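Student: Got a structure here, written out as C-alpha cells. Questions coming.
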Amino acid sequence: MSISLIYARSLNHCIGKDGRIPWHLPDEFGHFKKTTLGKPIIMGRKTYEDHESALPGRRNIVISRQPDYKLVPGIELAASLDDAIALAHENSDEVFVIGGVHFFVEALPQANCVYETIIQANIDGEALLPEFDFSDWQTTLIGEHEVDDCHAYAYKIYRHQRAESN
Ligand SMILES: NC(=O)c1ccc[n+]([C@@H]2O[C@H](COP(=O)([O-])OP(=O)(O)OC[C@H]3O[C@@H](n4cnc5c(N)ncnc54)[C@H](OP(=O)(O)O)[C@@H]3O)[C@@H](O)[C@H]2O)c1
C-alpha cells in the first residue's frame, strides 16, 4: 500500500489564491490527470470547492470536520486524513493526496512518492506550502514545458521517491 502526493507550486511555494489555482496550464493538468487516473484521490474541503464536481475515473474522497457537509453525488466524505486513507486503500494499493496545504504536510511523513511540479515564476497567493526537504529522496526530472501560447509559465515536473521504497 502506498501514498503519493501530487501538486504544482510556484518558486515561492504558492499553490492557491482565493480558493483557486492561480494559473492555467493545460498540459500540466494533463499530467495530473494521467498520473491520478484510476486511483483514489483525497482532498480537503476547500480543494474540492475549487471545482465542486467529481474528478472522473477516480474515487473522490473529501475531508471535512462538518459531518453533514453536502457533496455532489459520487463523492465520499471522510472526517480525517487517516479515515480517508483507510477508505481509499479498501480497493487500491496506491492513493493520491491532492491537497491542500494541511494535507500535504500531514501526509508527507507517510508518503512513498511525491509528484512535484515547479512553476518557474513567483506567484501571489495565500495557500503556501512549507519547504519540503527531499534531499534523502531519489529525485527524477520527469517532464518540462516552456512558455507557449497556451502556457503563460514554464514548469518542471519532478518525481521524488522515498529511498527505502525503491
Ligand atoms: N496547486 C496545486 O497543486 C493545488 C492542489 C490542491 C489545492 N490547491 C489550492 O489550494 C487551495 C485550497 O487548499 P487549502 O489548504 O486552503 O484547503 P484544503 O486543505 O483543501 O481544505 C481545508 C479544509 O479541510 C478540512 N480540514 C483541514 N484539516 C482537517 C483535519 N485535521 N480534519 C478534518 N478536516 C480538516 C477543513 O474543512 P471544513 O472547514 O469543512 O471542516 C478545512 O477547512 C485552493 O486555492 C486550491 O485551488 C492547489
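How things are named: the first chain in the C-alpha cells is A, the next is B, and so on; residues count from 1 in each chain; ligands count from 1 in the order shown.
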Please, which residues of stretch 98-136 of chain A, numbered as in this document, come out alpha helix (DSSP H) from DSSP, as a ChimeraX atom specification?

Tutor: /A:101-107

Student: Export, as a PDB file, in the first residue's frame, the selected residues with N, CA, C and O atoms.

Tutor:
ATOM      1  N   VAL A 101      -2.898  22.491   1.575  1.00  0.00           N
ATOM      2  CA  VAL A 101      -1.643  22.648   2.302  1.00  0.00           C
ATOM      3  C   VAL A 101      -1.567  21.697   3.496  1.00  0.00           C
ATOM      4  O   VAL A 101      -0.595  20.936   3.644  1.00  0.00           O
ATOM      5  N   HIS A 102      -2.597  21.717   4.365  1.00  0.00           N
ATOM      6  CA  HIS A 102      -2.554  20.915   5.590  1.00  0.00           C
ATOM      7  C   HIS A 102      -2.340  19.438   5.267  1.00  0.00           C
ATOM      8  O   HIS A 102      -1.571  18.743   5.945  1.00  0.00           O
ATOM      9  N   PHE A 103      -3.024  18.953   4.227  1.00  0.00           N
ATOM     10  CA  PHE A 103      -2.970  17.517   3.958  1.00  0.00           C
ATOM     11  C   PHE A 103      -1.661  17.105   3.285  1.00  0.00           C
ATOM     12  O   PHE A 103      -1.201  15.984   3.475  1.00  0.00           O
ATOM     13  N   PHE A 104      -1.050  18.006   2.527  1.00  0.00           N
ATOM     14  CA  PHE A 104       0.294  17.681   2.011  1.00  0.00           C
ATOM     15  C   PHE A 104       1.269  17.551   3.184  1.00  0.00           C
ATOM     16  O   PHE A 104       2.075  16.609   3.234  1.00  0.00           O
ATOM     17  N   VAL A 105       1.166  18.479   4.144  1.00  0.00           N
ATOM     18  CA  VAL A 105       2.084  18.452   5.291  1.00  0.00           C
ATOM     19  C   VAL A 105       1.823  17.204   6.144  1.00  0.00           C
ATOM     20  O   VAL A 105       2.756  16.501   6.542  1.00  0.00           O
ATOM     21  N   GLU A 106       0.532  16.917   6.397  1.00  0.00           N
ATOM     22  CA  GLU A 106       0.206  15.770   7.262  1.00  0.00           C
ATOM     23  C   GLU A 106       0.562  14.441   6.591  1.00  0.00           C
ATOM     24  O   GLU A 106       0.994  13.499   7.255  1.00  0.00           O
ATOM     25  N   ALA A 107       0.375  14.362   5.268  1.00  0.00           N
ATOM     26  CA  ALA A 107       0.590  13.077   4.585  1.00  0.00           C
ATOM     27  C   ALA A 107       2.060  12.815   4.240  1.00  0.00           C
ATOM     28  O   ALA A 107       2.447  11.654   4.061  1.00  0.00           O
TER      29      ALA A 107
END

Student: Within 6 Å of ligand 1, which residues show up when you count only C-alpha atoms and all ligand atoms? List them as an mmCIF file with N, CA, C and O atoms, in the first residue's frame, please.

Tutor:
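File pocket04.cif, as written:
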data_model
loop_
_atom_site.group_PDB
_atom_site.id
_atom_site.type_symbol
_atom_site.label_atom_id
_atom_site.label_comp_id
_atom_site.auth_asym_id
_atom_site.auth_seq_id
_atom_site.Cartn_x
_atom_site.Cartn_y
_atom_site.Cartn_z
ATOM 1 N N TYR A 7 1.209 17.772 -6.583
ATOM 2 C CA TYR A 7 0.863 19.194 -6.539
ATOM 3 C C TYR A 7 1.723 19.960 -7.525
ATOM 4 O O TYR A 7 2.746 19.461 -8.008
ATOM 5 N N ALA A 8 1.281 21.190 -7.803
ATOM 6 C CA ALA A 8 2.076 22.148 -8.567
ATOM 7 C C ALA A 8 2.264 23.367 -7.679
ATOM 8 O O ALA A 8 1.301 23.837 -7.067
ATOM 9 N N ARG A 9 3.476 23.855 -7.621
ATOM 10 C CA ARG A 9 3.750 25.045 -6.808
ATOM 11 C C ARG A 9 4.621 26.006 -7.603
ATOM 12 O O ARG A 9 5.351 25.610 -8.525
ATOM 13 N N ILE A 15 0.469 27.510 -3.899
ATOM 14 C CA ILE A 15 -0.337 26.522 -4.627
ATOM 15 C C ILE A 15 -1.743 27.033 -4.922
ATOM 16 O O ILE A 15 -2.462 26.445 -5.727
ATOM 17 N N GLY A 16 -2.151 28.132 -4.249
ATOM 18 C CA GLY A 16 -3.524 28.594 -4.453
ATOM 19 C C GLY A 16 -3.719 30.035 -4.048
ATOM 20 O O GLY A 16 -2.973 30.576 -3.228
ATOM 21 N N LYS A 17 -4.730 30.642 -4.658
ATOM 22 C CA LYS A 17 -5.087 32.036 -4.338
ATOM 23 C C LYS A 17 -6.612 32.157 -4.394
ATOM 24 O O LYS A 17 -7.224 31.742 -5.384
ATOM 25 N N ASP A 18 -7.201 32.701 -3.334
ATOM 26 C CA ASP A 18 -8.655 32.915 -3.272
ATOM 27 C C ASP A 18 -9.431 31.636 -3.606
ATOM 28 O O ASP A 18 -10.433 31.672 -4.334
ATOM 29 N N GLY A 19 -8.936 30.499 -3.123
ATOM 30 C CA GLY A 19 -9.645 29.236 -3.326
ATOM 31 C C GLY A 19 -9.476 28.619 -4.707
ATOM 32 O O GLY A 19 -10.117 27.619 -5.025
ATOM 33 N N ARG A 20 -8.628 29.196 -5.513
ATOM 34 C CA ARG A 20 -8.422 28.685 -6.881
ATOM 35 C C ARG A 20 -6.942 28.409 -7.113
ATOM 36 O O ARG A 20 -6.090 28.881 -6.361
ATOM 37 N N ILE A 21 -6.661 27.721 -8.212
ATOM 38 C CA ILE A 21 -5.277 27.555 -8.650
ATOM 39 C C ILE A 21 -4.952 28.756 -9.547
ATOM 40 O O ILE A 21 -5.641 28.975 -10.547
ATOM 41 N N MET A 43 -8.792 14.785 -0.904
ATOM 42 C CA MET A 43 -8.592 16.248 -0.903
ATOM 43 C C MET A 43 -9.332 16.891 0.262
ATOM 44 O O MET A 43 -10.339 16.347 0.747
ATOM 45 N N GLY A 44 -8.844 18.050 0.678
ATOM 46 C CA GLY A 44 -9.531 18.857 1.673
ATOM 47 C C GLY A 44 -10.767 19.516 1.073
ATOM 48 O O GLY A 44 -10.905 19.638 -0.147
ATOM 49 N N ARG A 45 -11.652 19.954 1.976
ATOM 50 C CA ARG A 45 -12.928 20.529 1.531
ATOM 51 C C ARG A 45 -12.740 21.748 0.636
ATOM 52 O O ARG A 45 -13.454 21.945 -0.347
ATOM 53 N N LYS A 46 -11.735 22.569 0.884
ATOM 54 C CA LYS A 46 -11.555 23.770 0.060
ATOM 55 C C LYS A 46 -11.020 23.416 -1.329
ATOM 56 O O LYS A 46 -11.393 24.054 -2.320
ATOM 57 N N THR A 47 -10.180 22.415 -1.404
ATOM 58 C CA THR A 47 -9.707 21.961 -2.718
ATOM 59 C C THR A 47 -10.885 21.444 -3.536
ATOM 60 O O THR A 47 -11.016 21.738 -4.734
ATOM 61 N N ASP A 50 -12.970 24.142 -5.116
ATOM 62 C CA ASP A 50 -12.373 24.767 -6.312
ATOM 63 C C ASP A 50 -13.087 24.290 -7.582
ATOM 64 O O ASP A 50 -13.214 25.020 -8.552
ATOM 65 N N ILE A 63 -12.219 15.528 2.677
ATOM 66 C CA ILE A 63 -12.085 15.573 4.141
ATOM 67 C C ILE A 63 -12.653 16.893 4.665
ATOM 68 O O ILE A 63 -12.291 17.966 4.179
ATOM 69 N N SER A 64 -13.546 16.746 5.657
ATOM 70 C CA SER A 64 -14.131 17.922 6.311
ATOM 71 C C SER A 64 -14.454 17.542 7.745
ATOM 72 O O SER A 64 -14.730 16.380 8.049
ATOM 73 N N ARG A 65 -14.424 18.563 8.625
ATOM 74 C CA ARG A 65 -14.871 18.326 10.006
ATOM 75 C C ARG A 65 -16.385 18.460 10.118
ATOM 76 O O ARG A 65 -16.942 18.230 11.182
ATOM 77 N N GLN A 66 -17.050 18.872 9.025
ATOM 78 C CA GLN A 66 -18.515 19.051 9.059
ATOM 79 C C GLN A 66 -19.170 17.733 8.664
ATOM 80 O O GLN A 66 -19.157 17.364 7.484
ATOM 81 N N ALA A 79 -13.711 12.144 7.804
ATOM 82 C CA ALA A 79 -13.540 13.121 8.885
ATOM 83 C C ALA A 79 -12.077 13.433 9.170
ATOM 84 O O ALA A 79 -11.782 14.362 9.911
ATOM 85 N N SER A 80 -11.177 12.659 8.595
ATOM 86 C CA SER A 80 -9.751 12.879 8.850
ATOM 87 C C SER A 80 -8.944 12.268 7.710
ATOM 88 O O SER A 80 -9.456 11.447 6.935
ATOM 89 N N ILE A 98 -4.232 15.039 -2.967
ATOM 90 C CA ILE A 98 -4.135 16.094 -3.988
ATOM 91 C C ILE A 98 -4.314 17.500 -3.397
ATOM 92 O O ILE A 98 -4.510 18.453 -4.130
ATOM 93 N N GLY A 99 -4.240 17.644 -2.063
ATOM 94 C CA GLY A 99 -4.276 18.982 -1.458
ATOM 95 C C GLY A 99 -5.348 19.095 -0.411
ATOM 96 O O GLY A 99 -6.137 18.158 -0.214
ATOM 97 N N GLY A 100 -5.370 20.241 0.296
ATOM 98 C CA GLY A 100 -4.450 21.370 0.166
ATOM 99 C C GLY A 100 -3.271 21.318 1.109
ATOM 100 O O GLY A 100 -2.753 20.223 1.417
ATOM 101 N N VAL A 101 -2.898 22.491 1.575
ATOM 102 C CA VAL A 101 -1.643 22.648 2.302
ATOM 103 C C VAL A 101 -1.567 21.697 3.496
ATOM 104 O O VAL A 101 -0.595 20.936 3.644
ATOM 105 N N HIS A 102 -2.597 21.717 4.365
ATOM 106 C CA HIS A 102 -2.554 20.915 5.590
ATOM 107 C C HIS A 102 -2.340 19.438 5.267
ATOM 108 O O HIS A 102 -1.571 18.743 5.945
ATOM 109 N N PHE A 103 -3.024 18.953 4.227
ATOM 110 C CA PHE A 103 -2.970 17.517 3.958
ATOM 111 C C PHE A 103 -1.661 17.105 3.285
ATOM 112 O O PHE A 103 -1.201 15.984 3.475
ATOM 113 N N ALA A 127 -2.333 30.372 -0.194
ATOM 114 C CA ALA A 127 -2.112 28.945 0.093
ATOM 115 C C ALA A 127 -0.650 28.619 -0.242
ATOM 116 O O ALA A 127 -0.275 28.515 -1.418
#

Student: What lies within 12 Å of A:Ser2 using only C-alpha atoms, ignoring chain neighbours under 5 positions off, as a list in words?

Tutor: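 What passes the distance filter is Lys39, Pro40, Ile85, Ala86, Ala88, His89, Ser92, Asp93, Glu94, Val95, Phe96, Val97, Ala107, Leu108, Pro109, Gln110, Ala111, Asn112, Cys113, Val114, Gln161, Arg162, Ser165 and Asn166 of chain A.
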
Student: Looking at only C-alpha atoms, which of A:Pro67, A:Ile3, A:Thr139, A:Leu25 is the one that sits closest to A:Tyr155?

Tutor: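 Among the listed residues, A:Leu25 lies closest to A:Tyr155.
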
Student: Mind checking which residues fall within 10 Å of A:Cys150, counting only C-alpha atoms, ignoring those fewer than 4 positions away in the same chain, and posting them as a PyMOL selection string?

Tutor: chain A and resi 24-27

Student: Can you list every residue in chain A that DSSP puts in strand (DSSP E or B), as an NGL selection string?

Tutor: :A and (2-10 or 14-17 or 20 or 41-44 or 60-63 or 75-78 or 94-97 or 113-119 or 127-128 or 137-145 or 148 or 151 or 155-162)

Student: Report, in Å with one decimal, the straight-line distance from atom CA of A:Gln120 to atom CA of A:Ala154.

Tutor: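 Spanning atom CA of A:Gln120 to atom CA of A:Ala154 is a straight-line distance of 5.5 Å.
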
Student: Got a sec: who's within 9 Å of A:Thr36, counting only C-alpha atoms, leaving out chain neighbours fewer than 5 positions off, as number ranges by chain?

Tutor: A: 6, 31, 41, 57-58, 95-96

Student: Restricting the calculation to only C-alpha atoms, which member of A:Ile157, A:Val62, A:Leu71, A:Leu81 is positioned closest to A:Ile119?

Tutor: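 Smallest separation from A:Ile119 among the options: A:Ile157.
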